[in-house]
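Text of the file my_file-v5.txt, holding compact mmCIF, C-alpha atoms:
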# COMPACT_ATOMS: atom_id res chain seq x y z
CA MET A 1 134.97 -134.45 -28.43
CA ALA A 2 137.92 -132.21 -29.47
CA LEU A 3 139.70 -132.99 -26.17
CA HIS A 4 139.27 -136.71 -26.84
CA LYS A 5 140.91 -136.38 -30.32
CA GLU A 6 143.79 -134.31 -28.89
CA LEU A 7 144.37 -136.90 -26.17
CA GLU A 8 144.24 -139.71 -28.76
CA TYR A 9 146.76 -137.86 -30.97
CA THR A 10 149.10 -137.28 -28.00
CA VAL A 11 148.95 -140.94 -26.98
CA LEU A 12 149.58 -142.01 -30.58
CA CYS A 13 152.64 -139.73 -30.83
CA LEU A 14 153.95 -140.90 -27.45
CA GLY A 15 153.50 -144.50 -28.58
CA GLN A 16 155.70 -143.86 -31.62
CA VAL A 17 158.34 -142.13 -29.51
CA THR A 18 158.30 -144.99 -27.02
CA HIS A 19 158.77 -147.54 -29.81
CA THR A 20 161.68 -145.55 -31.20
CA GLN A 21 163.30 -145.16 -27.80
CA ASP A 22 162.97 -148.92 -27.20
CA GLY A 23 165.00 -149.50 -30.37
CA LEU A 24 162.02 -150.56 -32.44
CA LEU A 25 161.40 -148.37 -35.43
CA PRO A 26 157.78 -147.81 -36.41
CA LYS A 27 156.48 -149.72 -39.39
CA PRO A 28 157.10 -147.76 -42.60
CA SER A 29 154.41 -147.07 -45.16
CA ILE A 30 154.78 -147.96 -48.84
CA ARG A 31 153.17 -146.53 -51.96
CA ALA A 32 153.74 -146.34 -55.71
CA GLU A 33 153.92 -143.08 -57.66
CA PRO A 34 152.00 -142.36 -59.84
CA GLY A 35 149.99 -145.40 -58.68
CA PRO A 36 150.04 -149.19 -58.21
CA VAL A 37 148.76 -149.91 -61.75
CA ILE A 38 151.26 -148.86 -64.40
CA PRO A 39 151.21 -149.30 -68.21
CA ARG A 40 154.11 -151.39 -69.53
CA GLY A 41 157.10 -149.20 -70.39
CA GLN A 42 156.18 -146.35 -68.03
CA PRO A 43 158.26 -145.32 -65.01
CA VAL A 44 157.23 -145.93 -61.41
CA THR A 45 158.75 -144.96 -58.08
CA ILE A 46 158.07 -147.03 -54.99
CA VAL A 47 158.23 -144.74 -51.95
CA CYS A 48 158.91 -146.04 -48.44
CA ARG A 49 158.23 -143.59 -45.62
CA SER A 50 158.92 -143.76 -41.91
CA PRO A 51 157.45 -141.44 -39.25
CA ALA A 52 160.82 -141.64 -37.46
CA ALA A 53 164.32 -140.81 -38.67
CA ALA A 54 165.99 -143.69 -40.51
CA ASP A 55 169.50 -144.32 -41.85
CA LYS A 56 168.32 -146.38 -44.83
CA PHE A 57 165.38 -148.18 -46.37
CA ARG A 58 165.33 -151.65 -47.90
CA LEU A 59 162.87 -152.64 -50.62
CA ILE A 60 162.20 -156.34 -51.14
CA LYS A 61 160.10 -158.05 -53.79
CA ASN A 62 158.07 -160.84 -52.19
CA ASP A 63 158.38 -164.50 -53.26
CA GLU A 64 161.54 -164.02 -55.28
CA ASN A 65 165.20 -164.60 -54.71
CA LEU A 66 166.09 -161.28 -56.28
CA PRO A 67 168.57 -159.09 -54.46
CA TYR A 68 167.04 -156.40 -52.30
CA MET A 69 167.58 -152.71 -52.93
CA ASP A 70 168.83 -150.28 -50.28
CA GLN A 71 168.34 -146.54 -50.50
CA LYS A 72 169.44 -143.64 -48.32
CA PRO A 73 166.47 -141.61 -47.09
CA VAL A 74 165.57 -138.00 -47.67
CA SER A 75 164.42 -136.10 -44.58
CA GLN A 76 161.16 -134.20 -44.65
CA PRO A 77 161.53 -130.50 -43.73
CA ALA A 78 160.62 -129.64 -40.12
CA SER A 79 159.78 -133.26 -39.36
CA GLN A 80 161.26 -136.50 -38.04
CA GLU A 81 159.85 -138.31 -41.08
CA THR A 82 162.16 -139.78 -43.69
CA GLN A 83 161.45 -141.43 -46.99
CA ALA A 84 163.25 -143.07 -49.88
CA GLY A 85 162.20 -143.56 -53.48
CA PHE A 86 163.09 -146.66 -55.50
CA HIS A 87 162.81 -145.68 -59.16
CA PHE A 88 162.06 -148.09 -62.02
CA PRO A 89 162.47 -146.23 -65.35
CA ALA A 90 160.34 -148.64 -67.42
CA VAL A 91 158.13 -151.32 -65.86
CA SER A 92 157.71 -154.75 -67.41
CA ASP A 93 156.09 -158.02 -66.43
CA ASP A 94 159.19 -158.75 -64.32
CA THR A 95 158.54 -155.58 -62.30
CA ALA A 96 154.99 -156.58 -61.35
CA GLY A 97 154.51 -158.24 -57.97
CA SER A 98 154.29 -157.67 -54.22
CA TYR A 99 156.79 -155.37 -52.54
CA PHE A 100 157.45 -154.42 -48.93
CA CYS A 101 160.10 -152.35 -47.21
CA PHE A 102 161.94 -151.92 -43.92
CA SER A 103 163.62 -148.92 -42.32
CA TYR A 104 166.94 -149.16 -40.50
CA LYS A 105 168.48 -147.01 -37.76
CA GLN A 106 171.42 -147.69 -35.44
CA SER A 107 171.64 -151.45 -36.08
CA ALA A 108 167.88 -151.99 -35.68
CA TRP A 109 165.35 -152.87 -38.38
CA SER A 110 161.71 -151.88 -38.32
CA GLU A 111 158.81 -154.22 -38.82
CA PRO A 112 158.03 -154.76 -42.52
CA SER A 113 155.60 -152.41 -44.19
CA GLU A 114 152.30 -153.59 -45.56
CA PHE A 115 152.50 -155.22 -48.99
CA LEU A 116 152.24 -153.11 -52.13
CA GLU A 117 150.87 -154.98 -55.13
CA LEU A 118 152.36 -153.46 -58.27
CA LYS A 119 150.41 -154.33 -61.43
CA VAL A 120 151.60 -153.80 -64.99
CA THR A 121 148.92 -153.41 -67.67
CA GLY A 122 149.27 -154.78 -71.18
CA GLU A 123 149.41 -151.37 -72.82
CA VAL A 124 152.80 -150.73 -74.37
CA VAL A 125 153.80 -147.12 -73.88
CA SER A 126 156.95 -145.38 -75.05
CA THR A 127 159.81 -145.42 -72.56
CA LEU A 128 160.72 -141.78 -73.16
CA PRO A 129 161.23 -139.91 -69.89
CA SER A 130 158.12 -138.07 -68.74
CA ASP A 131 159.71 -135.59 -66.37
CA PRO A 132 159.20 -132.08 -67.84
CA ALA A 133 162.36 -130.86 -66.12
CA ASP A 134 164.38 -133.53 -67.96
CA PRO A 135 165.66 -132.03 -71.27
CA ALA A 136 165.41 -135.42 -72.97
CA SER A 137 161.63 -135.48 -72.49
CA ARG A 138 160.80 -132.10 -74.02
CA ASN A 139 158.99 -131.97 -77.33
CA TYR A 140 161.04 -129.72 -79.61
CA MET A 141 158.78 -130.13 -82.65
CA VAL A 142 156.91 -126.82 -82.28
CA GLY A 143 160.11 -124.88 -81.61
CA ASN A 144 161.82 -126.53 -84.57
CA CYS A 145 158.88 -125.71 -86.86
CA VAL A 146 159.06 -122.06 -85.78
CA ARG A 147 162.81 -122.00 -86.45
CA ILE A 148 162.39 -123.59 -89.88
CA GLY A 149 159.64 -121.09 -90.75
CA LEU A 150 161.81 -118.18 -89.59
CA ALA A 151 164.79 -119.50 -91.58
CA GLY A 152 162.56 -119.82 -94.68
CA THR A 153 161.35 -116.23 -94.24
CA VAL A 154 164.92 -114.92 -93.90
CA LEU A 155 165.90 -116.93 -97.00
CA LEU A 156 163.00 -115.41 -99.00
CA ILE A 157 164.00 -111.91 -97.87
CA LEU A 158 167.61 -112.54 -98.93
CA VAL A 159 166.44 -113.86 -102.33
CA ALA A 160 164.24 -110.75 -102.74
CA ILE A 161 167.20 -108.47 -101.87
CA LEU A 162 169.47 -110.30 -104.33
CA ALA A 163 166.82 -110.16 -107.06
CA GLU A 164 166.30 -106.43 -106.47
CA ALA A 165 170.06 -105.82 -106.50
CA TRP A 166 170.44 -107.83 -109.70
CA HIS A 167 167.54 -105.97 -111.30
CA SER A 168 168.97 -102.60 -110.21
CA GLN A 169 172.39 -103.48 -111.57
CA LEU A 170 170.87 -104.71 -114.84
CA SER A 171 168.77 -101.55 -115.17
CA SER A 172 171.68 -99.27 -114.41
CA SER A 173 173.97 -101.06 -116.87
CA GLN A 174 171.25 -100.85 -119.57
CA GLY A 175 170.73 -97.23 -118.66
CA LEU A 176 174.44 -96.53 -119.01
CA GLN A 177 174.52 -98.27 -122.37
CA GLY A 178 171.53 -96.26 -123.52
CA TRP A 179 173.11 -93.06 -122.19
CA ARG A 180 176.37 -93.85 -123.95
CA GLN A 181 174.51 -94.51 -127.19
CA GLU A 182 172.66 -91.21 -126.81
CA ASP A 183 175.98 -89.43 -126.21
CA THR A 184 177.52 -90.91 -129.36
CA HIS A 185 174.45 -89.99 -131.44
CA GLN A 186 174.53 -86.41 -130.16
CA LYS A 187 178.22 -86.01 -130.99
CA ASP A 188 177.64 -87.08 -134.56
Would you encode the structure as structure tokens?
Amino acid sequence: MALHKELEYTVLCLGQVTHTQDGLLPKPSIRAEPGPVIPRGQPVTIVCRSPAAADKFRLIKNDENLPYMDQKPVSQPASQETQAGFHFPAVSDDTAGSYFCFSYKQSAWSEPSEFLELKVTGEVVSTLPSDPADPASRNYMVGNCVRIGLAGTVLLILVAILAEAWHSQLSSSQGLQGWRQEDTHQKD
């Protein structure tokens, strides 16, 4: 049984190489990240992936006369595979629909991928970036509260130091006046 699977895998790989050598690129795959159903206002990336090296990918929305989008691929480490991501920062009803993609290499286009049906739900979600590495998406509220609390503590300490200094100066000036009065009474 294991020999049968190895033979099947070898034939499958040879079939892809043969297609590529004939000038036909293998059909790319298509998927949506984080998924094909996205709440309105949230970002989505449509990823096209080819098992063979490609010079570019083209994403097309089905049944519309919208311009297509081309994207240069990113190679996968230690692999012939390439992929490209088409990012939509905030989906809307206009974004919903069927998409497919092609890969291109040396003046030859692949077959189209399967269709990806992108659905947008009615939930309205903030369009703030959700990438934790993006500084614009970080929540600074906790850090700001800590800073405000620390600043308040430092302010209270400074007020306490000033009050103590004022009290000390007041006591020492009253003490000097009392000492001076004692000195004048003793001289009399």
Please list as a compact mmCIF listing (two decimals) with C-alpha atoms, keeping the file's coordinate frame every residue within 10 Å of Lys72 in chain A, counting all atoms listed in the file and excluding residues in the same chain fewer than 2 positions away.
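Produced file part-v2.txt, reproduced below:
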# COMPACT_ATOMS: atom_id res chain seq x y z
CA ALA A 54 165.99 -143.69 -40.51
CA ASP A 55 169.50 -144.32 -41.85
CA LYS A 56 168.32 -146.38 -44.83
CA PHE A 57 165.38 -148.18 -46.37
CA ARG A 58 165.33 -151.65 -47.90
CA ASP A 70 168.83 -150.28 -50.28
CA VAL A 74 165.57 -138.00 -47.67
CA SER A 75 164.42 -136.10 -44.58
CA THR A 82 162.16 -139.78 -43.69
CA GLN A 83 161.45 -141.43 -46.99
CA ALA A 84 163.25 -143.07 -49.88
CA GLY A 85 162.20 -143.56 -53.48
CA SER A 103 163.62 -148.92 -42.32
CA TYR A 104 166.94 -149.16 -40.50
Problem set entry | Atom-to-atom span, CA of Val37 in chain A and CA of Lys119 in chain A, Å |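 Atom-to-atom, CA of Val37 in chain A and CA of Lys119 in chain A are spaced 4.7 Å apart.
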Problem set entry | Between CA of Phe88 in chain A and CA of Phe102 in chain A - distance in Å to one decimal |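 CA of Phe102 in chain A sits 18.5 Å away from CA of Phe88 in chain A.
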Exercise. Could you work out how far CA of Leu156 in chain A lies from CA of Gln169 in chain A, giving the answer in Å with one decimal?
Worked result: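 Separation between CA of Gln169 in chain A and CA of Leu156 in chain A: 19.7 Å.
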Problem set entry | Residues near range 28-33 of chain A, cut-off 9 Å, only C-alpha atoms, skip fewer than 6 positions along chain, as a VMD selection string | chain A and resid 43 to 52 83 99 to 103 110 to 116 118
Exercise. Taking into account all atoms listed in the file, which residue in the set A:Thr153, A:Ser171, A:Ser107, A:Ser98 is nearest to Asp63 in chain A?
Worked result: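 Comparing A:Thr153, A:Ser171, A:Ser107, A:Ser98 against Asp63 in chain A, the winner is A:Ser98.
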For this session: Tell me which protein, DNA and RNA residues are within 10 Å of Val91 in chain A, counting only C-alpha atoms, leaving out same-chain ones fewer than 3 positions away, and put them as a list in words.
Result: Ile38, Pro39, Arg40, Gly41, Gln42, Pro43, Val44, His87, Phe88, Asp94, Thr95, Ala96, Leu118, Lys119, Val120, Thr121 and Thr127 of chain A
May I have the residues from that selection written out with C-alpha atoms, as a PDB file, keeping the file's coordinate frame?
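Contents of selection_31.pdb, freshly written:
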ATOM      1  CA  ILE A  38     151.260-148.860 -64.400  1.00  0.00           C
ATOM      2  CA  PRO A  39     151.210-149.300 -68.210  1.00  0.00           C
ATOM      3  CA  ARG A  40     154.110-151.390 -69.530  1.00  0.00           C
ATOM      4  CA  GLY A  41     157.100-149.200 -70.390  1.00  0.00           C
ATOM      5  CA  GLN A  42     156.180-146.350 -68.030  1.00  0.00           C
ATOM      6  CA  PRO A  43     158.260-145.320 -65.010  1.00  0.00           C
ATOM      7  CA  VAL A  44     157.230-145.930 -61.410  1.00  0.00           C
ATOM      8  CA  HIS A  87     162.810-145.680 -59.160  1.00  0.00           C
ATOM      9  CA  PHE A  88     162.060-148.090 -62.020  1.00  0.00           C
ATOM     10  CA  ASP A  94     159.190-158.750 -64.320  1.00  0.00           C
ATOM     11  CA  THR A  95     158.540-155.580 -62.300  1.00  0.00           C
ATOM     12  CA  ALA A  96     154.990-156.580 -61.350  1.00  0.00           C
ATOM     13  CA  LEU A 118     152.360-153.460 -58.270  1.00  0.00           C
ATOM     14  CA  LYS A 119     150.410-154.330 -61.430  1.00  0.00           C
ATOM     15  CA  VAL A 120     151.600-153.800 -64.990  1.00  0.00           C
ATOM     16  CA  THR A 121     148.920-153.410 -67.670  1.00  0.00           C
ATOM     17  CA  THR A 127     159.810-145.420 -72.560  1.00  0.00           C
TER      18      THR A 127
END
